[in-house]
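data14.txt (compact mmCIF, C-alpha atoms)
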```
# COMPACT_ATOMS: atom_id res chain seq x y z
CA MET A 1 9.65 -41.94 93.25
CA ILE A 2 7.45 -39.35 91.51
CA GLU A 3 10.33 -38.58 89.14
CA ALA A 4 10.23 -42.18 87.95
CA TYR A 5 6.52 -41.89 87.18
CA LYS A 6 7.02 -38.53 85.43
CA LYS A 7 9.11 -40.22 82.74
CA ASP A 8 6.02 -42.16 81.65
CA VAL A 9 3.68 -39.17 81.43
CA ASP A 10 2.49 -38.56 77.86
CA ARG A 11 3.18 -34.85 77.58
CA THR A 12 1.70 -34.63 74.09
CA LEU A 13 -1.75 -35.23 75.63
CA LEU A 14 -1.12 -32.55 78.24
CA ARG A 15 0.00 -30.03 75.62
CA GLU A 16 -3.16 -30.67 73.61
CA ASN A 17 -5.29 -30.22 76.73
CA LEU A 18 -3.54 -26.98 77.63
CA LYS A 19 -4.66 -25.52 74.28
CA LEU A 20 -8.31 -26.01 75.29
CA THR A 21 -10.53 -23.84 77.44
CA VAL A 22 -11.56 -25.13 80.86
CA GLU A 23 -15.06 -25.83 79.56
CA GLN A 24 -13.68 -27.82 76.61
CA ARG A 25 -11.56 -29.88 79.01
CA LEU A 26 -14.63 -30.65 81.13
CA ARG A 27 -16.71 -31.54 78.04
CA ASN A 28 -13.95 -33.93 76.93
CA LEU A 29 -13.98 -35.48 80.40
CA MET A 30 -17.74 -36.00 80.18
CA GLU A 31 -17.29 -37.73 76.80
CA LEU A 32 -14.59 -39.95 78.28
CA GLN A 33 -16.85 -40.85 81.21
CA ARG A 34 -19.68 -41.74 78.82
CA LEU A 35 -17.38 -43.88 76.70
CA SER A 36 -16.00 -45.62 79.79
CA GLU A 37 -19.55 -46.40 80.96
CA GLU A 38 -20.52 -47.75 77.52
CA LEU A 39 -17.47 -50.02 77.45
CA ARG A 40 -18.20 -51.23 80.97
CA ARG A 41 -21.77 -52.11 79.98
CA ALA A 42 -20.60 -53.81 76.79
CA GLY A 43 -18.18 -55.87 78.87
CA GLN A 44 -20.99 -56.90 81.22
CA ARG A 45 -23.18 -57.96 78.29
CA ALA A 46 -20.36 -60.02 76.80
CA ARG A 47 -19.84 -62.03 80.03
CA MET B 48 -22.48 -42.85 85.02
CA SER B 49 -20.99 -39.63 83.72
CA VAL B 50 -21.17 -36.33 85.57
CA ASP B 51 -23.33 -33.55 84.13
CA TYR B 52 -20.91 -30.78 85.05
CA SER B 53 -22.98 -28.09 83.41
CA ARG B 54 -26.11 -28.78 85.47
CA PHE B 55 -24.10 -29.54 88.60
CA PHE B 56 -22.19 -26.25 88.60
CA THR B 57 -25.29 -24.32 87.59
CA ALA B 58 -27.30 -25.81 90.46
CA LEU B 59 -24.64 -25.00 93.04
CA CYS B 60 -23.83 -21.52 91.76
CA ARG B 61 -27.48 -20.50 91.37
CA GLY B 62 -28.10 -21.85 94.85
CA GLY B 63 -25.35 -19.62 96.23
CA VAL B 64 -23.34 -22.57 97.55
CA GLU B 65 -19.77 -21.76 98.60
CA PHE B 66 -17.62 -24.61 97.36
CA ILE B 67 -14.20 -25.43 95.94
CA LEU B 68 -13.64 -27.90 93.14
CA VAL B 69 -10.97 -30.44 94.16
CA GLY B 70 -9.84 -33.95 93.22
CA GLY B 71 -9.69 -35.48 89.77
CA THR B 72 -12.01 -32.97 88.13
CA ALA B 73 -9.85 -30.10 89.41
CA ALA B 74 -6.88 -31.94 87.88
CA ASN B 75 -8.74 -32.05 84.55
CA VAL B 76 -9.39 -28.32 84.80
CA HIS B 77 -5.61 -27.87 85.02
CA GLY B 78 -5.08 -30.04 81.93
CA SER B 79 -4.89 -33.59 83.23
CA ALA B 80 -5.74 -36.30 80.69
CA ARG B 81 -6.76 -38.82 83.35
CA LEU B 82 -10.28 -40.14 83.70
CA THR B 83 -12.16 -39.41 86.89
CA GLN B 84 -15.64 -40.77 87.47
CA GLU B 85 -17.01 -38.31 90.02
CA VAL B 86 -16.93 -34.66 90.96
CA ASP B 87 -15.38 -33.73 94.31
CA ILE B 88 -16.13 -30.48 96.09
CA VAL B 89 -15.22 -29.04 99.47
CA TYR B 90 -18.21 -27.09 100.80
CA ARG B 91 -17.99 -24.37 103.44
CA ARG B 92 -19.05 -25.65 106.86
CA SER B 93 -21.34 -22.82 107.91
CA ARG B 94 -24.97 -23.41 108.86
CA ASP B 95 -26.21 -21.17 106.03
CA ASN B 96 -24.02 -22.77 103.40
CA VAL B 97 -24.91 -26.28 104.48
CA ALA B 98 -28.59 -25.33 104.11
CA ARG B 99 -27.88 -23.95 100.61
CA LEU B 100 -25.99 -27.13 99.64
CA ALA B 101 -28.87 -29.29 100.85
CA LEU B 102 -31.39 -27.29 98.82
CA ALA B 103 -29.23 -27.10 95.68
CA LEU B 104 -28.69 -30.86 95.40
CA GLU B 105 -32.01 -32.06 96.78
CA PRO B 106 -33.82 -32.01 93.37
CA PHE B 107 -31.22 -34.49 92.07
CA HIS B 108 -32.00 -37.16 94.67
CA PRO B 109 -28.66 -37.60 96.50
CA TYR B 110 -28.20 -41.01 98.08
CA MET B 111 -25.25 -42.72 99.74
CA ARG B 112 -23.09 -44.31 97.05
CA GLY B 113 -22.73 -48.05 97.48
CA ALA B 114 -25.48 -48.31 100.10
CA PRO B 115 -28.40 -50.67 99.53
CA PRO B 116 -31.57 -48.94 98.36
CA GLY B 117 -34.32 -48.11 100.82
CA LEU B 118 -32.25 -46.94 103.78
CA PRO B 119 -33.74 -44.03 105.73
CA PHE B 120 -31.26 -41.49 104.36
CA ARG B 121 -32.44 -37.89 104.24
CA TRP B 122 -30.41 -35.35 102.31
CA ASP B 123 -31.03 -32.23 104.36
CA ALA B 124 -29.14 -29.58 106.27
CA GLU B 125 -29.26 -31.50 109.53
CA THR B 126 -27.79 -34.66 107.97
CA ILE B 127 -24.98 -32.66 106.38
CA TRP B 128 -24.28 -30.75 109.58
CA ARG B 129 -24.07 -33.96 111.63
CA GLY B 130 -21.84 -35.59 109.04
CA LEU B 131 -18.83 -34.25 107.18
CA ASN B 132 -17.85 -36.05 103.99
CA PHE B 133 -20.52 -37.56 101.75
CA THR B 134 -19.99 -39.86 98.78
CA LEU B 135 -23.22 -39.68 96.84
CA THR B 136 -25.02 -40.86 93.78
CA THR B 137 -27.20 -38.18 92.22
CA ASP B 138 -29.18 -37.72 89.01
CA LEU B 139 -26.23 -35.60 87.84
CA GLY B 140 -23.68 -38.35 88.45
CA PRO B 141 -21.47 -39.34 91.38
CA VAL B 142 -20.73 -36.44 93.75
CA ASP B 143 -18.31 -36.31 96.69
CA ALA B 144 -19.35 -33.44 98.96
CA LEU B 145 -16.52 -33.02 101.45
CA GLY B 146 -16.33 -30.92 104.60
CA GLU B 147 -12.56 -31.26 104.61
CA ILE B 148 -9.76 -33.12 102.87
CA ALA B 149 -6.56 -34.70 104.17
CA GLY B 150 -3.62 -32.36 103.90
CA GLY B 151 -5.80 -29.38 103.06
CA GLY B 152 -8.46 -28.95 105.72
CA GLY B 153 -11.76 -27.28 105.05
CA TYR B 154 -13.08 -24.55 102.77
CA ASP B 155 -11.63 -21.62 104.73
CA ALA B 156 -8.16 -23.15 104.86
CA LEU B 157 -8.20 -23.96 101.14
CA LEU B 158 -9.66 -20.68 99.88
CA ALA B 159 -6.28 -18.91 99.64
CA HIS B 160 -5.10 -21.71 97.33
CA THR B 161 -7.84 -21.42 94.73
CA LEU B 162 -8.37 -19.71 91.43
CA GLU B 163 -11.61 -18.69 89.81
CA ILE B 164 -12.47 -20.42 86.57
CA GLU B 165 -15.35 -19.93 84.15
CA ALA B 166 -17.26 -22.82 82.63
CA PHE B 167 -20.85 -23.41 81.56
CA GLY B 168 -21.66 -19.78 82.26
CA GLN B 169 -20.63 -20.07 85.91
CA ARG B 170 -17.68 -18.80 87.94
CA ILE B 171 -16.24 -21.63 90.00
CA ARG B 172 -13.52 -21.74 92.66
CA CYS B 173 -10.99 -24.46 91.86
CA LEU B 174 -8.03 -25.64 93.92
CA ASP B 175 -4.78 -24.43 92.33
CA ILE B 176 -2.42 -27.01 90.89
CA ARG B 177 0.30 -26.68 93.52
CA LYS B 178 -2.14 -27.20 96.39
CA LEU B 179 -3.72 -30.06 94.49
CA ILE B 180 -0.30 -31.75 94.33
CA GLU B 181 0.28 -31.05 98.04
CA VAL B 182 -3.09 -32.53 98.98
CA LYS B 183 -2.55 -35.64 96.86
CA ARG B 184 0.91 -36.09 98.38
CA ALA B 185 -0.58 -35.76 101.88
CA ALA B 186 -3.22 -38.37 101.10
CA GLY B 187 -0.37 -40.83 100.54
CA ARG B 188 -2.39 -43.20 98.39
CA PRO B 189 -0.42 -45.38 95.96
CA LYS B 190 -3.08 -44.75 93.28
CA ASP B 191 -2.24 -41.02 93.38
CA LEU B 192 1.42 -41.43 92.40
CA GLU B 193 0.71 -41.35 88.66
CA ALA B 194 -1.70 -38.45 89.11
CA ILE B 195 0.91 -36.46 91.06
CA ALA B 196 3.50 -37.16 88.37
CA GLU B 197 1.11 -35.89 85.71
CA LEU B 198 0.28 -32.75 87.71
CA GLU B 199 3.98 -32.03 88.19
CA ALA B 200 4.51 -32.49 84.47
CA LEU B 201 1.71 -29.96 83.91
CA VAL B 202 3.50 -27.50 86.21
CA ASP B 203 6.67 -28.03 84.12
CA GLU B 204 4.73 -27.43 80.91
CA THR B 205 3.05 -24.25 82.09
CA ASP B 206 6.15 -22.81 83.79
CA HIS B 207 8.07 -22.76 80.50
```

Let me see whether you can do it: turn the structure in this file into C-alpha cells.
Amino acid sequence: MIEAYKKDVDRTLLRENLKLTVEQRLRNLMELQRLSEELRRAGQRAR
Amino acid sequence: MSVDYSRFFTALCRGGVEFILVGGTAANVHGSARLTQEVDIVYRRSRDNVARLALALEPFHPYMRGAPPGLPFRWDAETIWRGLNFTLTTDLGPVDALGEIAGGGGYDALLAHTLEIEAFGQRIRCLDIRKLIEVKRAAGRPKDLEAIAELEALVDETDH
C-alpha cells in the first residue's frame, strides 16, 4: 500500500529540502506554520 | 500557533533535559516537506530528568491542550511522574512531551536509534529516519500512510 502512496510523493520538494541545513529546514517549517495559522484566521474572518 | 523551535530547544538543552525529537518535526529534520503543527519529544523517565523537564518548560506556561481554561493543572515534576504522555499548549507553541511512543518505547529504548543534529546553537538527539518509519508503521494510523511514503522516498533519495 505504501508503494502506491510513494508514486504521488513530490520528490522535487524533497531534493530541495535535502540541500538545506537542519536549521534551515526547521525555519522553513516555522514559516509554513505561521502561514497556515494566518490562512486559518483569514478563513475564520471570512465566515 | 507556530512552534518557536529556537527557544524550545534552547530551553530544554540549557535545562539539561534528556530528550529525543520524534514525530513530524523529526521528519522535517530528515527532509520532509509536510506541515506539522507541534513539536513531539520523548523525555527520559528518570526522577531527575522529569524534574529538569518541569523546570525547563514551566516559564512557558504549559497547559493541557484542548482542555477548558481554569482547571487545576500544575506543570511540575510530580504531575509528570504520575502521568506519561502530555499534549500541551505553551507560549512556545504546541508541545507533545511523551514518556513513550507506540512501536518504539521510551527514551532508553529509542536512544540507539538516534542521531545528533545541530540547530539554533544546540545539539539535539533526533530519531533516525528508519526508526521513524518503523514507529509510524507501528502506530498504524491511516493519516501516517502518506508520511511513511514520503519518509521512504527520502531514504531512496539519500541512499543513492

Give me the residues of chain B that have any atom at most 12 Å from an atom of chain A; for each, the nearest atom pair and the distance in Å, rounded to one decimal. Use only C-alpha atoms, sort by chain and number, and format it as a tab-separated table.
```
residue	atom	partner	partner_atom	distance
B:Met48	CA	A:Glu37	CA	6.1
B:Ser49	CA	A:Gln33	CA	5.0
B:Val50	CA	A:Met30	CA	6.4
B:Asp51	CA	A:Met30	CA	7.3
B:Tyr52	CA	A:Leu26	CA	7.4
B:Ser53	CA	A:Arg27	CA	8.9
B:Phe56	CA	A:Leu26	CA	11.5
B:Gly71	CA	A:Leu29	CA	10.3
B:Thr72	CA	A:Leu26	CA	7.8
B:Ala73	CA	A:Leu26	CA	9.6
B:Ala74	CA	A:Arg25	CA	10.2
B:Asn75	CA	A:Arg25	CA	6.6
B:Val76	CA	A:Val22	CA	5.5
B:His77	CA	A:Leu18	CA	7.7
B:Gly78	CA	A:Asn17	CA	5.2
B:Ser79	CA	A:Leu14	CA	6.3
B:Ala80	CA	A:Leu14	CA	6.4
B:Arg81	CA	A:Leu29	CA	8.5
B:Leu82	CA	A:Leu29	CA	6.8
B:Thr83	CA	A:Gln33	CA	7.5
B:Gln84	CA	A:Gln33	CA	6.4
B:Glu85	CA	A:Gln33	CA	9.2
B:Val86	CA	A:Leu26	CA	10.9
B:Leu139	CA	A:Met30	CA	11.4
B:Gly140	CA	A:Gln33	CA	10.3
B:Pro141	CA	A:Gln33	CA	11.3
B:Glu163	CA	A:Val22	CA	11.0
B:Ile164	CA	A:Val22	CA	7.5
B:Glu165	CA	A:Val22	CA	7.2
B:Ala166	CA	A:Glu23	CA	4.8
B:Phe167	CA	A:Glu23	CA	6.6
B:Gly168	CA	A:Glu23	CA	9.4
B:Gln169	CA	A:Glu23	CA	10.2
B:Arg170	CA	A:Glu23	CA	11.2
B:Ile171	CA	A:Val22	CA	10.8
B:Cys173	CA	A:Val22	CA	11.0
B:Ile180	CA	A:Ile2	CA	11.2
B:Lys183	CA	A:Ile2	CA	11.9
B:Arg184	CA	A:Ile2	CA	10.0
B:Pro189	CA	A:Ile2	CA	10.9
B:Lys190	CA	A:Tyr5	CA	11.7
B:Asp191	CA	A:Ile2	CA	10.0
B:Leu192	CA	A:Ile2	CA	6.4
B:Glu193	CA	A:Tyr5	CA	6.0
B:Ala194	CA	A:Tyr5	CA	9.1
B:Ile195	CA	A:Ile2	CA	7.2
B:Ala196	CA	A:Lys6	CA	4.8
B:Glu197	CA	A:Val9	CA	6.0
B:Leu198	CA	A:Lys6	CA	9.2
B:Glu199	CA	A:Lys6	CA	7.7
B:Ala200	CA	A:Lys6	CA	6.6
B:Leu201	CA	A:Leu14	CA	6.8
B:Val202	CA	A:Leu14	CA	10.5
B:Asp203	CA	A:Arg11	CA	10.1
B:Glu204	CA	A:Arg15	CA	7.6
B:Thr205	CA	A:Leu18	CA	8.4
B:His207	CA	A:Arg15	CA	11.9
```

### Query
Suppose you want the space between atom CA of B:Gly151 and atom CA of B:Glu105; what is it in Å?
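These two atoms are separated by 27.1 Å.
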
#### Entry: Distance of atom CA of B:Leu145 from atom CA of B:Ala185, expressed in Å to one decimal place
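Taking atom CA of B:Ala185 as the start and atom CA of B:Leu145 as the end point, the length is 16.2 Å.
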
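Going from atom CA of B:Cys60 to atom CA of B:Tyr90 covers 12.0 Å.
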
### Task
Find the residues around B:Leu100 up to 9 Å (only C-alpha atoms counted), leave out those fewer than 2 positions away in its own chain, and share them as a list in words.
Leu59, Gly62, Gly63, Val64, Glu65, Tyr90, Asp95, Asn96, Val97, Ala98, Leu102, Ala103, Leu104, Glu105, Asp123, Ala124 and Ile127 of chain B

Keeping only C-alpha atoms, write those residues as an mmCIF file, in the frame of the given file.
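This went into out.cif:
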```cif
data_model
loop_
_atom_site.group_PDB
_atom_site.id
_atom_site.type_symbol
_atom_site.label_atom_id
_atom_site.label_comp_id
_atom_site.auth_asym_id
_atom_site.auth_seq_id
_atom_site.Cartn_x
_atom_site.Cartn_y
_atom_site.Cartn_z
ATOM 1 C CA LEU B 59 -24.640 -25.000 93.040
ATOM 2 C CA GLY B 62 -28.100 -21.850 94.850
ATOM 3 C CA GLY B 63 -25.350 -19.620 96.230
ATOM 4 C CA VAL B 64 -23.340 -22.570 97.550
ATOM 5 C CA GLU B 65 -19.770 -21.760 98.600
ATOM 6 C CA TYR B 90 -18.210 -27.090 100.800
ATOM 7 C CA ASP B 95 -26.210 -21.170 106.030
ATOM 8 C CA ASN B 96 -24.020 -22.770 103.400
ATOM 9 C CA VAL B 97 -24.910 -26.280 104.480
ATOM 10 C CA ALA B 98 -28.590 -25.330 104.110
ATOM 11 C CA LEU B 102 -31.390 -27.290 98.820
ATOM 12 C CA ALA B 103 -29.230 -27.100 95.680
ATOM 13 C CA LEU B 104 -28.690 -30.860 95.400
ATOM 14 C CA GLU B 105 -32.010 -32.060 96.780
ATOM 15 C CA ASP B 123 -31.030 -32.230 104.360
ATOM 16 C CA ALA B 124 -29.140 -29.580 106.270
ATOM 17 C CA ILE B 127 -24.980 -32.660 106.380
#
```

#### Entry: Protein/DNA/RNA residues near (-21.8, -29.7, 111.3), cut 9 Å, only C-alpha atoms, as a VMD selection string
chain B and resid 92 to 94 97 124 to 131 146

How about completing stretch 148-183 of chain B with N, CA and C atoms and giving it to me as an mmCIF file, in the coordinates of the input?
```cif
data_model
loop_
_atom_site.group_PDB
_atom_site.id
_atom_site.type_symbol
_atom_site.label_atom_id
_atom_site.label_comp_id
_atom_site.auth_asym_id
_atom_site.auth_seq_id
_atom_site.Cartn_x
_atom_site.Cartn_y
_atom_site.Cartn_z
ATOM 1 N N ILE B 148 -10.572 -32.107 103.550
ATOM 2 C CA ILE B 148 -9.760 -33.120 102.870
ATOM 3 C C ILE B 148 -8.419 -33.250 103.582
ATOM 4 N N ALA B 149 -7.861 -34.439 103.538
ATOM 5 C CA ALA B 149 -6.560 -34.700 104.170
ATOM 6 C C ALA B 149 -5.498 -33.802 103.547
ATOM 7 N N GLY B 150 -4.713 -33.183 104.388
ATOM 8 C CA GLY B 150 -3.620 -32.360 103.900
ATOM 9 C C GLY B 150 -4.040 -30.972 103.459
ATOM 10 N N GLY B 151 -5.332 -30.685 103.533
ATOM 11 C CA GLY B 151 -5.800 -29.380 103.060
ATOM 12 C C GLY B 151 -6.770 -28.708 104.017
ATOM 13 N N GLY B 152 -7.476 -29.504 104.802
ATOM 14 C CA GLY B 152 -8.460 -28.950 105.720
ATOM 15 C C GLY B 152 -9.768 -28.621 105.033
ATOM 16 N N GLY B 153 -10.446 -27.638 105.559
ATOM 17 C CA GLY B 153 -11.760 -27.280 105.050
ATOM 18 C C GLY B 153 -11.733 -26.106 104.087
ATOM 19 N N TYR B 154 -12.911 -25.622 103.756
ATOM 20 C CA TYR B 154 -13.080 -24.550 102.770
ATOM 21 C C TYR B 154 -12.225 -23.322 103.109
ATOM 22 N N ASP B 155 -12.315 -22.864 104.367
ATOM 23 C CA ASP B 155 -11.630 -21.620 104.730
ATOM 24 C C ASP B 155 -10.112 -21.753 104.612
ATOM 25 N N ALA B 156 -9.605 -22.924 104.949
ATOM 26 C CA ALA B 156 -8.160 -23.150 104.860
ATOM 27 C C ALA B 156 -7.695 -23.247 103.404
ATOM 28 N N LEU B 157 -8.580 -23.741 102.548
ATOM 29 C CA LEU B 157 -8.200 -23.960 101.140
ATOM 30 C C LEU B 157 -8.377 -22.704 100.280
ATOM 31 N N LEU B 158 -9.237 -21.797 100.739
ATOM 32 C CA LEU B 158 -9.660 -20.680 99.880
ATOM 33 C C LEU B 158 -8.481 -19.875 99.308
ATOM 34 N N ALA B 159 -7.436 -19.688 100.101
ATOM 35 C CA ALA B 159 -6.280 -18.910 99.640
ATOM 36 C C ALA B 159 -5.509 -19.631 98.535
ATOM 37 N N HIS B 160 -5.827 -20.895 98.325
ATOM 38 C CA HIS B 160 -5.100 -21.710 97.330
ATOM 39 C C HIS B 160 -6.025 -22.069 96.165
ATOM 40 N N THR B 161 -6.890 -21.154 95.819
ATOM 41 C CA THR B 161 -7.840 -21.420 94.730
ATOM 42 C C THR B 161 -7.691 -20.367 93.638
ATOM 43 N N LEU B 162 -8.241 -20.688 92.494
ATOM 44 C CA LEU B 162 -8.370 -19.710 91.430
ATOM 45 C C LEU B 162 -9.810 -19.792 90.918
ATOM 46 N N GLU B 163 -10.254 -18.705 90.331
ATOM 47 C CA GLU B 163 -11.610 -18.690 89.810
ATOM 48 C C GLU B 163 -11.573 -19.052 88.332
ATOM 49 N N ILE B 164 -12.380 -20.019 87.967
ATOM 50 C CA ILE B 164 -12.470 -20.420 86.570
ATOM 51 C C ILE B 164 -13.880 -20.144 86.057
ATOM 52 N N GLU B 165 -14.022 -20.102 84.745
ATOM 53 C CA GLU B 165 -15.350 -19.930 84.150
ATOM 54 C C GLU B 165 -15.644 -21.123 83.269
ATOM 55 N N ALA B 166 -16.814 -21.707 83.479
ATOM 56 C CA ALA B 166 -17.260 -22.820 82.630
ATOM 57 C C ALA B 166 -18.768 -22.920 82.723
ATOM 58 N N PHE B 167 -19.396 -23.226 81.613
ATOM 59 C CA PHE B 167 -20.850 -23.410 81.560
ATOM 60 C C PHE B 167 -21.586 -22.169 82.078
ATOM 61 N N GLY B 168 -21.012 -21.021 81.842
ATOM 62 C CA GLY B 168 -21.660 -19.780 82.260
ATOM 63 C C GLY B 168 -21.567 -19.499 83.752
ATOM 64 N N GLN B 169 -20.744 -20.248 84.459
ATOM 65 C CA GLN B 169 -20.630 -20.070 85.910
ATOM 66 C C GLN B 169 -19.179 -19.751 86.277
ATOM 67 N N ARG B 170 -19.013 -19.065 87.391
ATOM 68 C CA ARG B 170 -17.680 -18.800 87.940
ATOM 69 C C ARG B 170 -17.498 -19.747 89.132
ATOM 70 N N ILE B 171 -16.427 -20.530 89.052
ATOM 71 C CA ILE B 171 -16.240 -21.630 90.000
ATOM 72 C C ILE B 171 -14.861 -21.509 90.649
ATOM 73 N N ARG B 172 -14.809 -21.712 91.950
ATOM 74 C CA ARG B 172 -13.520 -21.740 92.660
ATOM 75 C C ARG B 172 -12.906 -23.129 92.520
ATOM 76 N N CYS B 173 -11.667 -23.184 92.077
ATOM 77 C CA CYS B 173 -10.990 -24.460 91.860
ATOM 78 C C CYS B 173 -9.651 -24.441 92.592
ATOM 79 N N LEU B 174 -9.312 -25.547 93.221
ATOM 80 C CA LEU B 174 -8.030 -25.640 93.920
ATOM 81 C C LEU B 174 -6.886 -25.449 92.916
ATOM 82 N N ASP B 175 -5.877 -24.646 93.284
ATOM 83 C CA ASP B 175 -4.780 -24.430 92.330
ATOM 84 C C ASP B 175 -3.899 -25.693 92.256
ATOM 85 N N ILE B 176 -3.115 -25.750 91.200
ATOM 86 C CA ILE B 176 -2.420 -27.010 90.890
ATOM 87 C C ILE B 176 -1.373 -27.362 91.953
ATOM 88 N N ARG B 177 -0.734 -26.369 92.519
ATOM 89 C CA ARG B 177 0.300 -26.680 93.520
ATOM 90 C C ARG B 177 -0.315 -27.234 94.796
ATOM 91 N N LYS B 178 -1.460 -26.677 95.200
ATOM 92 C CA LYS B 178 -2.140 -27.200 96.390
ATOM 93 C C LYS B 178 -2.722 -28.585 96.114
ATOM 94 N N LEU B 179 -3.189 -28.755 94.879
ATOM 95 C CA LEU B 179 -3.720 -30.060 94.490
ATOM 96 C C LEU B 179 -2.634 -31.143 94.621
ATOM 97 N N ILE B 180 -1.424 -30.818 94.196
ATOM 98 C CA ILE B 180 -0.300 -31.750 94.330
ATOM 99 C C ILE B 180 -0.017 -32.008 95.814
ATOM 100 N N GLU B 181 0.005 -30.935 96.594
ATOM 101 C CA GLU B 181 0.280 -31.050 98.040
ATOM 102 C C GLU B 181 -0.744 -31.958 98.720
ATOM 103 N N VAL B 182 -2.005 -31.752 98.374
ATOM 104 C CA VAL B 182 -3.090 -32.530 98.980
ATOM 105 C C VAL B 182 -2.972 -34.002 98.590
ATOM 106 N N LYS B 183 -2.676 -34.248 97.319
ATOM 107 C CA LYS B 183 -2.550 -35.640 96.860
ATOM 108 C C LYS B 183 -1.342 -36.305 97.509
#
```
